[in-house]
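The file structure-v6.pdb contains PDB, C-alpha atoms, pLDDT in the B column:
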ATOM      1  CA  MET A   1     100.562 107.262  94.837  1.00 56.00           C
ATOM      2  CA  THR A   2     101.693 105.636  98.088  1.00 58.00           C
ATOM      3  CA  LYS A   3     105.413 104.730  97.922  1.00 83.00           C
ATOM      4  CA  HIS A   4     105.753 103.050 101.277  1.00 94.00           C
ATOM      5  CA  ASN A   5     103.298 102.142 103.970  1.00 96.00           C
ATOM      6  CA  CYS A   6     103.046  99.427 106.570  1.00 97.00           C
ATOM      7  CA  ILE A   7     100.738  98.160 109.282  1.00 98.00           C
ATOM      8  CA  LYS A   8     101.412  95.703 112.054  1.00 98.00           C
ATOM      9  CA  THR A   9      98.497  93.822 113.555  1.00 98.00           C
ATOM     10  CA  SER A  10      98.008  91.063 116.080  1.00 98.00           C
ATOM     11  CA  PHE A  11      94.829  89.277 117.035  1.00 97.00           C
ATOM     12  CA  SER A  12      93.591  86.242 118.918  1.00 97.00           C
ATOM     13  CA  ALA A  13      93.816  82.947 117.051  1.00 97.00           C
ATOM     14  CA  ILE A  14      90.082  82.459 116.763  1.00 95.00           C
ATOM     15  CA  PRO A  15      88.049  81.749 113.601  1.00 94.00           C
ATOM     16  CA  GLU A  16      86.100  85.007 113.971  1.00 94.00           C
ATOM     17  CA  ASN A  17      89.322  86.874 113.157  1.00 97.00           C
ATOM     18  CA  GLU A  18      89.803  85.237 109.765  1.00 97.00           C
ATOM     19  CA  SER A  19      87.333  87.668 108.206  1.00 97.00           C
ATOM     20  CA  LEU A  20      88.827  90.537 110.201  1.00 98.00           C
ATOM     21  CA  ALA A  21      92.266  89.815 108.733  1.00 98.00           C
ATOM     22  CA  ARG A  22      90.819  89.803 105.210  1.00 98.00           C
ATOM     23  CA  VAL A  23      89.069  93.128 105.748  1.00 98.00           C
ATOM     24  CA  ILE A  24      92.164  94.747 107.269  1.00 98.00           C
ATOM     25  CA  CYS A  25      94.374  93.708 104.367  1.00 98.00           C
ATOM     26  CA  ALA A  26      91.784  94.615 101.730  1.00 97.00           C
ATOM     27  CA  SER A  27      91.365  98.067 103.272  1.00 97.00           C
ATOM     28  CA  PHE A  28      95.127  98.536 103.478  1.00 97.00           C
ATOM     29  CA  ILE A  29      95.690  97.887  99.756  1.00 96.00           C
ATOM     30  CA  SER A  30      92.757 100.019  98.608  1.00 94.00           C
ATOM     31  CA  VAL A  31      95.182 102.912  97.979  1.00 92.00           C
ATOM     32  CA  LEU A  32      96.722 100.813  95.190  1.00 92.00           C
ATOM     33  CA  ASP A  33      93.335 100.776  93.455  1.00 93.00           C
ATOM     34  CA  PRO A  34      93.335  97.011  92.898  1.00 95.00           C
ATOM     35  CA  THR A  35      90.977  95.227  90.537  1.00 94.00           C
ATOM     36  CA  ILE A  36      88.256  93.050  92.053  1.00 92.00           C
ATOM     37  CA  GLU A  37      90.277  90.016  91.020  1.00 93.00           C
ATOM     38  CA  GLN A  38      93.440  91.274  92.714  1.00 95.00           C
ATOM     39  CA  LEU A  39      91.477  92.128  95.838  1.00 96.00           C
ATOM     40  CA  THR A  40      89.900  88.662  95.920  1.00 95.00           C
ATOM     41  CA  ASP A  41      93.300  87.022  95.362  1.00 96.00           C
ATOM     42  CA  VAL A  42      94.836  88.823  98.330  1.00 98.00           C
ATOM     43  CA  LYS A  43      91.824  88.227 100.590  1.00 97.00           C
ATOM     44  CA  THR A  44      91.834  84.525  99.743  1.00 97.00           C
ATOM     45  CA  ALA A  45      95.568  84.124 100.346  1.00 98.00           C
ATOM     46  CA  VAL A  46      95.333  85.988 103.665  1.00 98.00           C
ATOM     47  CA  SER A  47      92.399  83.826 104.685  1.00 98.00           C
ATOM     48  CA  GLU A  48      94.408  80.674 103.993  1.00 97.00           C
ATOM     49  CA  ALA A  49      97.480  81.832 105.891  1.00 97.00           C
ATOM     50  CA  VAL A  50      95.542  83.016 108.948  1.00 97.00           C
ATOM     51  CA  THR A  51      93.397  79.877 108.976  1.00 96.00           C
ATOM     52  CA  ASN A  52      96.568  77.745 108.878  1.00 95.00           C
ATOM     53  CA  SER A  53      97.901  79.549 111.943  1.00 96.00           C
ATOM     54  CA  ILE A  54      94.634  79.049 113.821  1.00 95.00           C
ATOM     55  CA  VAL A  55      93.908  75.462 112.761  1.00 93.00           C
ATOM     56  CA  HIS A  56      97.420  74.030 112.507  1.00 92.00           C
ATOM     57  CA  GLY A  57      99.750  76.406 114.359  1.00 94.00           C
ATOM     58  CA  TYR A  58      97.619  76.582 117.474  1.00 95.00           C
ATOM     59  CA  SER A  59      95.564  73.423 116.835  1.00 88.00           C
ATOM     60  CA  GLY A  60      92.359  75.353 117.421  1.00 74.00           C
ATOM     61  CA  SER A  61      93.385  76.633 120.852  1.00 81.00           C
ATOM     62  CA  SER A  62      92.196  80.219 121.302  1.00 75.00           C
ATOM     63  CA  ASP A  63      95.127  81.143 123.552  1.00 87.00           C
ATOM     64  CA  GLY A  64      97.481  81.997 120.711  1.00 95.00           C
ATOM     65  CA  THR A  65      98.110  85.213 118.839  1.00 97.00           C
ATOM     66  CA  VAL A  66      98.376  85.626 115.084  1.00 98.00           C
ATOM     67  CA  TYR A  67     100.519  88.469 113.745  1.00 98.00           C
ATOM     68  CA  MET A  68      99.847  89.972 110.333  1.00 98.00           C
ATOM     69  CA  ASP A  69     102.092  92.682 108.945  1.00 98.00           C
ATOM     70  CA  CYS A  70     101.305  94.295 105.604  1.00 98.00           C
ATOM     71  CA  THR A  71     103.729  96.470 103.665  1.00 98.00           C
ATOM     72  CA  ILE A  72     103.387  98.411 100.454  1.00 97.00           C
ATOM     73  CA  ASP A  73     106.561  99.329  98.586  1.00 96.00           C
ATOM     74  CA  GLY A  74     105.639 100.987  95.334  1.00 94.00           C
ATOM     75  CA  GLU A  75     103.409  98.451  93.611  1.00 93.00           C
ATOM     76  CA  THR A  76     104.522  95.501  95.738  1.00 96.00           C
ATOM     77  CA  LEU A  77     102.380  94.245  98.567  1.00 97.00           C
ATOM     78  CA  THR A  78     104.023  92.045 101.180  1.00 98.00           C
ATOM     79  CA  VAL A  79     101.890  90.209 103.719  1.00 98.00           C
ATOM     80  CA  GLU A  80     103.609  88.383 106.548  1.00 98.00           C
ATOM     81  CA  VAL A  81     101.508  86.079 108.725  1.00 98.00           C
ATOM     82  CA  ARG A  82     103.214  84.667 111.820  1.00 98.00           C
ATOM     83  CA  ASP A  83     102.261  82.506 114.733  1.00 97.00           C
ATOM     84  CA  SER A  84     104.009  81.171 117.809  1.00 97.00           C
ATOM     85  CA  GLY A  85     102.414  77.777 117.446  1.00 95.00           C
ATOM     86  CA  LYS A  86     103.768  74.273 117.144  1.00 94.00           C
ATOM     87  CA  GLY A  87     105.566  74.808 113.841  1.00 94.00           C
ATOM     88  CA  ILE A  88     105.702  72.632 110.728  1.00 91.00           C
ATOM     89  CA  GLU A  89     107.835  69.500 110.783  1.00 87.00           C
ATOM     90  CA  ASP A  90     108.168  69.128 107.011  1.00 85.00           C
ATOM     91  CA  ILE A  91     107.453  72.309 105.042  1.00 86.00           C
ATOM     92  CA  THR A  92     107.902  70.624 101.650  1.00 87.00           C
ATOM     93  CA  LYS A  93     105.274  68.022 102.509  1.00 85.00           C
ATOM     94  CA  ALA A  94     102.953  70.619 104.027  1.00 84.00           C
ATOM     95  CA  MET A  95     103.057  72.581 100.775  1.00 84.00           C
ATOM     96  CA  GLU A  96     102.181  69.604  98.593  1.00 77.00           C
ATOM     97  CA  PRO A  97      98.750  70.018  96.963  1.00 75.00           C
ATOM     98  CA  MET A  98      95.997  68.114  98.772  1.00 69.00           C
ATOM     99  CA  TYR A  99      98.210  67.287 101.761  1.00 67.00           C
ATOM    100  CA  THR A 100      96.527  67.910 105.087  1.00 71.00           C
ATOM    101  CA  SER A 101      97.497  66.953 108.589  1.00 65.00           C
ATOM    102  CA  CYS A 102      93.800  67.147 109.558  1.00 66.00           C
ATOM    103  CA  PRO A 103      91.843  64.938 107.135  1.00 61.00           C
ATOM    104  CA  GLU A 104      89.215  64.284 109.790  1.00 62.00           C
ATOM    105  CA  ALA A 105      88.446  68.016 109.870  1.00 61.00           C
ATOM    106  CA  GLU A 106      87.773  68.025 106.120  1.00 67.00           C
ATOM    107  CA  ARG A 107      90.608  70.417 105.412  1.00 67.00           C
ATOM    108  CA  SER A 108      91.083  70.405 101.657  1.00 73.00           C
ATOM    109  CA  GLY A 109      94.875  70.512 101.855  1.00 80.00           C
ATOM    110  CA  MET A 110      94.891  73.360  99.358  1.00 89.00           C
ATOM    111  CA  GLY A 111      95.878  76.256 101.583  1.00 92.00           C
ATOM    112  CA  PHE A 112      99.455  76.706 100.387  1.00 94.00           C
ATOM    113  CA  THR A 113      98.465  75.915  96.792  1.00 93.00           C
ATOM    114  CA  VAL A 114      95.892  78.720  96.929  1.00 94.00           C
ATOM    115  CA  MET A 115      98.475  81.121  98.368  1.00 96.00           C
ATOM    116  CA  GLU A 116     100.986  80.206  95.657  1.00 95.00           C
ATOM    117  CA  THR A 117      98.379  80.515  92.905  1.00 94.00           C
ATOM    118  CA  PHE A 118      96.884  83.814  94.001  1.00 96.00           C
ATOM    119  CA  MET A 119     100.071  85.597  95.071  1.00 97.00           C
ATOM    120  CA  ASP A 120     103.290  86.168  93.100  1.00 98.00           C
ATOM    121  CA  SER A 121     105.529  84.516  95.682  1.00 98.00           C
ATOM    122  CA  VAL A 122     105.149  82.612  98.938  1.00 97.00           C
ATOM    123  CA  THR A 123     107.930  81.684 101.339  1.00 97.00           C
ATOM    124  CA  VAL A 124     107.480  79.649 104.498  1.00 97.00           C
ATOM    125  CA  SER A 125     109.817  79.310 107.431  1.00 96.00           C
ATOM    126  CA  SER A 126     109.066  77.324 110.538  1.00 96.00           C
ATOM    127  CA  VAL A 127     110.731  76.031 113.667  1.00 96.00           C
ATOM    128  CA  LEU A 128     109.150  73.185 115.603  1.00 95.00           C
ATOM    129  CA  GLY A 129     107.825  74.411 118.920  1.00 95.00           C
ATOM    130  CA  VAL A 130     108.556  78.038 118.029  1.00 96.00           C
ATOM    131  CA  GLY A 131     106.185  78.948 115.211  1.00 96.00           C
ATOM    132  CA  THR A 132     105.671  79.572 111.532  1.00 97.00           C
ATOM    133  CA  LYS A 133     106.060  82.587 109.271  1.00 98.00           C
ATOM    134  CA  VAL A 134     104.459  82.864 105.843  1.00 98.00           C
ATOM    135  CA  THR A 135     105.570  85.745 103.626  1.00 98.00           C
ATOM    136  CA  MET A 136     103.522  86.473 100.517  1.00 98.00           C
ATOM    137  CA  LYS A 137     104.167  89.089  97.834  1.00 98.00           C
ATOM    138  CA  LYS A 138     102.016  90.411  95.040  1.00 98.00           C
ATOM    139  CA  ILE A 139     102.436  93.240  92.600  1.00 97.00           C
ATOM    140  CA  ILE A 140      99.287  95.360  92.479  1.00 95.00           C
ATOM    141  CA  ARG A 141      99.165  97.468  89.358  1.00 83.00           C
ATOM    142  CA  SER A 142      96.446 100.060  89.392  1.00 71.00           C
ATOM    143  CA  LYS A 143      93.465  99.325  87.174  1.00 64.00           C
ATOM    144  CA  LEU A 144      93.573 102.986  86.158  1.00 58.00           C
ATOM    145  CA  LEU A 145      96.906 102.541  84.385  1.00 53.00           C
TER     146      LEU A 145
ATOM    147  CA  MET B   1      76.996  83.578 106.194  1.00 95.00           C
ATOM    148  CA  LYS B   2      73.423  82.449 105.866  1.00 96.00           C
ATOM    149  CA  LEU B   3      72.329  78.938 105.091  1.00 97.00           C
ATOM    150  CA  ASN B   4      68.931  77.971 103.744  1.00 97.00           C
ATOM    151  CA  PHE B   5      67.505  74.605 102.764  1.00 96.00           C
ATOM    152  CA  SER B   6      64.626  74.057 100.366  1.00 96.00           C
ATOM    153  CA  ASN B   7      63.192  71.283  98.228  1.00 94.00           C
ATOM    154  CA  GLU B   8      62.348  71.311  94.555  1.00 93.00           C
ATOM    155  CA  LYS B   9      61.343  68.208  92.629  1.00 91.00           C
ATOM    156  CA  ASP B  10      63.403  65.557  94.401  1.00 92.00           C
ATOM    157  CA  PHE B  11      66.387  67.828  95.079  1.00 96.00           C
ATOM    158  CA  LEU B  12      67.587  69.100  98.424  1.00 96.00           C
ATOM    159  CA  ILE B  13      68.851  72.615  97.741  1.00 97.00           C
ATOM    160  CA  MET B  14      71.391  74.134 100.109  1.00 97.00           C
ATOM    161  CA  SER B  15      71.602  77.855  99.374  1.00 98.00           C
ATOM    162  CA  ILE B  16      74.510  79.709 100.940  1.00 98.00           C
ATOM    163  CA  SER B  17      74.932  83.473 101.012  1.00 97.00           C
ATOM    164  CA  GLY B  18      77.763  85.676 102.270  1.00 97.00           C
ATOM    165  CA  GLU B  19      81.290  84.466 102.993  1.00 96.00           C
ATOM    166  CA  ILE B  20      82.481  80.877 103.462  1.00 97.00           C
ATOM    167  CA  ASP B  21      85.681  80.428 105.414  1.00 96.00           C
ATOM    168  CA  HIS B  22      86.904  77.943 107.999  1.00 93.00           C
ATOM    169  CA  ARG B  23      84.606  79.400 110.666  1.00 93.00           C
ATOM    170  CA  TYR B  24      81.457  78.937 108.609  1.00 95.00           C
ATOM    171  CA  ALA B  25      82.538  75.702 106.927  1.00 93.00           C
ATOM    172  CA  ILE B  26      82.097  73.897 110.243  1.00 89.00           C
ATOM    173  CA  GLN B  27      78.554  75.264 110.600  1.00 93.00           C
ATOM    174  CA  ILE B  28      77.659  74.367 107.008  1.00 96.00           C
ATOM    175  CA  ARG B  29      79.015  70.841 107.410  1.00 95.00           C
ATOM    176  CA  ASN B  30      77.032  70.181 110.582  1.00 94.00           C
ATOM    177  CA  GLU B  31      73.733  71.601 109.307  1.00 96.00           C
ATOM    178  CA  ALA B  32      74.071  70.022 105.861  1.00 95.00           C
ATOM    179  CA  ASP B  33      74.748  66.560 107.209  1.00 95.00           C
ATOM    180  CA  ARG B  34      71.708  66.700 109.483  1.00 94.00           C
ATOM    181  CA  LYS B  35      69.538  67.526 106.465  1.00 94.00           C
ATOM    182  CA  ILE B  36      71.154  65.071 104.053  1.00 93.00           C
ATOM    183  CA  VAL B  37      70.803  62.005 106.253  1.00 91.00           C
ATOM    184  CA  THR B  38      67.086  62.623 106.810  1.00 91.00           C
ATOM    185  CA  TYR B  39      66.252  63.606 103.211  1.00 87.00           C
ATOM    186  CA  PRO B  40      64.881  60.632 101.260  1.00 84.00           C
ATOM    187  CA  ASP B  41      66.458  61.459  97.903  1.00 86.00           C
ATOM    188  CA  LYS B  42      70.151  62.114  98.367  1.00 86.00           C
ATOM    189  CA  LYS B  43      70.248  64.579  95.481  1.00 95.00           C
ATOM    190  CA  LEU B  44      71.986  67.673  96.788  1.00 97.00           C
ATOM    191  CA  ILE B  45      72.389  71.014  95.028  1.00 98.00           C
ATOM    192  CA  VAL B  46      74.834  73.474  96.586  1.00 98.00           C
ATOM    193  CA  ASP B  47      73.728  76.920  95.438  1.00 98.00           C
ATOM    194  CA  LEU B  48      76.625  79.401  95.680  1.00 98.00           C
ATOM    195  CA  THR B  49      74.868  82.152  93.711  1.00 97.00           C
ATOM    196  CA  ASP B  50      74.889  84.584  96.632  1.00 97.00           C
ATOM    197  CA  VAL B  51      78.320  83.681  98.012  1.00 97.00           C
ATOM    198  CA  THR B  52      80.591  86.741  98.023  1.00 96.00           C
ATOM    199  CA  PHE B  53      83.814  85.057  99.143  1.00 96.00           C
ATOM    200  CA  MET B  54      85.153  81.571  99.707  1.00 96.00           C
ATOM    201  CA  ASP B  55      88.521  80.042 100.464  1.00 96.00           C
ATOM    202  CA  SER B  56      89.729  76.441 100.434  1.00 94.00           C
ATOM    203  CA  SER B  57      87.652  75.713 103.548  1.00 94.00           C
ATOM    204  CA  ALA B  58      84.600  75.896 101.288  1.00 95.00           C
ATOM    205  CA  ILE B  59      86.200  73.446  98.863  1.00 95.00           C
ATOM    206  CA  GLY B  60      86.816  71.092 101.779  1.00 93.00           C
ATOM    207  CA  VAL B  61      83.211  71.237 102.944  1.00 95.00           C
ATOM    208  CA  ILE B  62      81.816  70.706  99.416  1.00 96.00           C
ATOM    209  CA  ILE B  63      84.087  67.724  98.796  1.00 94.00           C
ATOM    210  CA  GLY B  64      83.049  66.354 102.186  1.00 94.00           C
ATOM    211  CA  ARG B  65      79.367  66.566 101.188  1.00 95.00           C
ATOM    212  CA  TYR B  66      80.235  64.994  97.823  1.00 95.00           C
ATOM    213  CA  LYS B  67      81.739  62.011  99.631  1.00 94.00           C
ATOM    214  CA  LEU B  68      78.728  61.731 101.928  1.00 94.00           C
ATOM    215  CA  VAL B  69      75.999  61.820  99.263  1.00 95.00           C
ATOM    216  CA  MET B  70      77.935  59.520  96.958  1.00 95.00           C
ATOM    217  CA  SER B  71      78.378  57.011  99.795  1.00 94.00           C
ATOM    218  CA  LEU B  72      74.593  57.109 100.248  1.00 93.00           C
ATOM    219  CA  GLY B  73      73.994  56.508  96.551  1.00 94.00           C
ATOM    220  CA  GLY B  74      73.038  60.106  95.810  1.00 95.00           C
ATOM    221  CA  SER B  75      74.321  62.936  93.659  1.00 96.00           C
ATOM    222  CA  ILE B  76      75.571  66.504  94.040  1.00 97.00           C
ATOM    223  CA  ALA B  77      75.728  69.590  91.843  1.00 98.00           C
ATOM    224  CA  ILE B  78      76.943  73.150  92.329  1.00 98.00           C
ATOM    225  CA  VAL B  79      75.300  76.355  91.124  1.00 98.00           C
ATOM    226  CA  SER B  80      77.677  79.244  90.514  1.00 97.00           C
ATOM    227  CA  SER B  81      78.168  81.823  87.811  1.00 93.00           C
ATOM    228  CA  ASN B  82      80.229  84.138  89.957  1.00 89.00           C
ATOM    229  CA  ASP B  83      83.580  85.177  88.433  1.00 87.00           C
ATOM    230  CA  THR B  84      84.965  85.786  91.916  1.00 85.00           C
ATOM    231  CA  LEU B  85      84.452  82.147  92.844  1.00 94.00           C
ATOM    232  CA  ALA B  86      85.446  80.749  89.458  1.00 92.00           C
ATOM    233  CA  ARG B  87      89.185  80.910  90.100  1.00 91.00           C
ATOM    234  CA  ILE B  88      89.172  78.860  93.283  1.00 93.00           C
ATOM    235  CA  LEU B  89      86.619  76.408  91.872  1.00 94.00           C
ATOM    236  CA  ASP B  90      88.795  75.987  88.789  1.00 92.00           C
ATOM    237  CA  MET B  91      92.083  75.559  90.613  1.00 90.00           C
ATOM    238  CA  SER B  92      90.571  73.077  93.066  1.00 91.00           C
ATOM    239  CA  GLY B  93      89.722  70.664  90.263  1.00 91.00           C
ATOM    240  CA  ILE B  94      86.254  70.278  91.731  1.00 93.00           C
ATOM    241  CA  ARG B  95      84.705  70.633  88.270  1.00 93.00           C
ATOM    242  CA  LYS B  96      86.142  67.237  87.380  1.00 93.00           C
ATOM    243  CA  ILE B  97      83.977  65.463  89.948  1.00 95.00           C
ATOM    244  CA  ILE B  98      80.984  67.773  90.503  1.00 97.00           C
ATOM    245  CA  PRO B  99      78.965  69.437  87.721  1.00 97.00           C
ATOM    246  CA  ILE B 100      78.667  73.210  88.014  1.00 97.00           C
ATOM    247  CA  TYR B 101      75.616  74.938  86.553  1.00 97.00           C
ATOM    248  CA  PRO B 102      75.173  78.678  85.991  1.00 97.00           C
ATOM    249  CA  THR B 103      71.653  78.791  87.436  1.00 97.00           C
ATOM    250  CA  LEU B 104      69.509  76.780  89.811  1.00 97.00           C
ATOM    251  CA  ALA B 105      67.032  76.147  86.989  1.00 96.00           C
ATOM    252  CA  ASP B 106      69.805  74.534  84.950  1.00 97.00           C
ATOM    253  CA  ALA B 107      70.796  72.309  87.853  1.00 97.00           C
ATOM    254  CA  ILE B 108      67.237  71.117  88.442  1.00 94.00           C
ATOM    255  CA  ARG B 109      66.449  70.566  84.773  1.00 87.00           C
TER     256      ARG B 109
END

Encoded form using structure tokens:
Amino acid sequence: MTKHNCIKTSFSAIPENESLARVICASFISVLDPTIEQLTDVKTAVSEAVTNSIVHGYSGSSDGTVYMDCTIDGETLTVEVRDSGKGIEDITKAMEPMYTSCPEAERSGMGFTVMETFMDSVTVSSVLGVGTKVTMKKIIRSKLL
Amino acid sequence: MKLNFSNEKDFLIMSISGEIDHRYAIQIRNEADRKIVTYPDKKLIVDLTDVTFMDSSAIGVIIGRYKLVMSLGGSIAIVSSNDTLARILDMSGIRKIIPIYPTLADAIR
């Protein structure tokens, strides 16, 4: 069983890379032999975090870069999604269910709620004008055990 | 993602297959709204039977279509029996406002 492994990725902040990020992370955790539900949970949380960086961090501008680092330590997966975008003014408000800064774009305002529901822990740090970092952890116990 | 529209009885059926994320939600919204506004009976069925993945962007686009058809005096239903989608549909609370049927036949009945 893998004790420690990590990957560091960076990609353009464009919607086409949302699915790429999901596939990268899903492939990375395959060594942990996750259940379908665990795999879907991680893919969904990654999708939310990367979409937030693209839609909110960079406001849809394709010039930015999204960074996604994934680490496995024993059974614990850590996914860190960072951007160098505009940052979040009020993290507490941003994490409220149904809150969205883009109601006209039909964002559901559920991104952070999904991350918190599907992962074991989510922490967010952000500096206005500097960027945002979302760190998510989930314990992946093998379905074979 | 593939999007297909069909009619059965007086329902407009929007069948989606593949993955729905932010990228495809925009496409679904634009194509759906073009169809809805020209369809005489604003009775929309969103068939998610062949959807393999969706995130909260899909919830946003479904709720957006719900608001549109309701404002036009219509109705909306979802078809999904997929366990993979059940968690996000459940946590979104969408079941409280939109009926979800296991099959298309059930939704049309």

Residues within 8 Å of (66.0, 63.2, 98.7), file coords, all atoms listed in the file, listed as a ChimeraX atom specification: /B:10-12,36,39-44

So how far away is CA of Lys86 (chain A) from CA of Val122 (chain A), in Å?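 Between CA of Val122 (chain A) and CA of Lys86 (chain A) the gap works out to 20.1 Å.
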
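The space separating CA of Ser71 (chain B) from CA of Pro99 (chain B) comes to 17.3 Å.
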
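Nearest to chain A of all the residues B:Ile16, B:Ala86, B:Val37, B:Ile59 is B:Ile59, based on all atoms listed in the file.
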
With chain A as the partner and 7 Å as the cut-off, tabulate the residues of chain B that qualify, each row holding the nearest pair of atoms and their distance in Å to one decimal, using all atoms listed in the file, sorted by chain and rising number, as a Markdown table.
| residue | atom | partner | partner_atom | distance |
| --- | --- | --- | --- | --- |
| B:His22 | CA | A:Thr51 | CA | 6.8 |
| B:Arg23 | CA | A:Pro15 | CA | 5.1 |
| B:Asp55 | CA | A:Thr44 | CA | 5.6 |
| B:Ser56 | CA | A:Met110 | CA | 6.1 |
| B:Ser57 | CA | A:Arg107 | CA | 6.3 |
| B:Ile59 | CA | A:Ser108 | CA | 6.4 |
| B:Gly60 | CA | A:Ser108 | CA | 4.3 |
| B:Val61 | CA | A:Glu106 | CA | 6.4 |
| B:Gly64 | CA | A:Glu106 | CA | 6.4 |
| B:Thr84 | CA | A:Glu37 | CA | 6.8 |

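The space separating CA of Ile45 (chain B) from CA of Val79 (chain B) comes to 7.2 Å.
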
With all atoms of region 75-94 of chain A from the file as input, state the centre and edge lengths in Å to one decimal of the axis-aligned box that has 6 Å extra on each side, as lines of an AutoDock Vina configuration file.
center_x = 104.8
center_y = 83.2
center_z = 105.7
size_x = 18.7
size_y = 42.4
size_z = 36.2

Tell me, as a PDB file with C-alpha atoms, keeping the file's coordinate frame, which residues lie within 8 Å of Ser53 (chain A), counting only C-alpha atoms; anything in the same chain fewer than 2 positions away does not count.
ATOM      1  CA  ALA A  13      93.816  82.947 117.051  1.00 97.00           C
ATOM      2  CA  ALA A  49      97.480  81.832 105.891  1.00 97.00           C
ATOM      3  CA  VAL A  50      95.542  83.016 108.948  1.00 97.00           C
ATOM      4  CA  THR A  51      93.397  79.877 108.976  1.00 96.00           C
ATOM      5  CA  VAL A  55      93.908  75.462 112.761  1.00 93.00           C
ATOM      6  CA  HIS A  56      97.420  74.030 112.507  1.00 92.00           C
ATOM      7  CA  GLY A  57      99.750  76.406 114.359  1.00 94.00           C
ATOM      8  CA  TYR A  58      97.619  76.582 117.474  1.00 95.00           C
ATOM      9  CA  VAL A  66      98.376  85.626 115.084  1.00 98.00           C
ATOM     10  CA  ARG A  82     103.214  84.667 111.820  1.00 98.00           C
ATOM     11  CA  ASP A  83     102.261  82.506 114.733  1.00 97.00           C
ATOM     12  CA  GLY A  85     102.414  77.777 117.446  1.00 95.00           C
ATOM     13  CA  THR A 132     105.671  79.572 111.532  1.00 97.00           C
TER      14      THR A 132
END

Write out as a VMD selection string the residues lying within 8 Å of Gly87 (chain A), counting only C-alpha atoms and excluding same-chain residues fewer than 2 positions away. chain A and resid 57 84 to 85 89 126 to 132

When the PyMOL selection byres ((chain B and resi 32) around 12) is applied to the structure above, which residues does it catch, written out as an MDAnalysis selection string? chainID B and resid 3:6 12:16 24:31 33:39 42 44:46 61:62 64:66 68:69

If I put a ball of radius 7 Å at (104.2, 85.5, 102.0) in the file's coordinates, which residues poke into it when counting all atoms listed in the file, written as a PyMOL selection string? chain A and resi 78-80+121-123+134-137

Shell around His4 (chain A) at 10 Å using all atoms listed in the file, local window under 6 positions removed, as a PyMOL selection string: chain A and resi 71-77

Write out as a list in words the residues lying within 6 Å of region 50-54 of chain B, counting all atoms listed in the file and excluding same-chain residues fewer than 2 positions away.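 Residues meeting the cut-off are Ser17, Gly18, Glu19, Ile20, Asp21, Leu48 and Ala58 of chain B.
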
Taking the file as shown, find all residues satisfying the PyMOL selection byres ((chain A and resi 67) around 7) and write them as JSON, numbers by chain. {"A": [9, 10, 11, 65, 66, 68, 69, 81, 82, 83]}

Which residues fall under the PyMOL selection byres ((chain B and resi 103-108) around 8) in this file, as a list of chain:residue names? B:Glu8, B:Lys9, B:Phe11, B:Ile45, B:Asp47, B:Thr49, B:Ala77, B:Ile78, B:Val79, B:Ser80, B:Ser81, B:Ile100, B:Tyr101, B:Pro102, B:Arg109
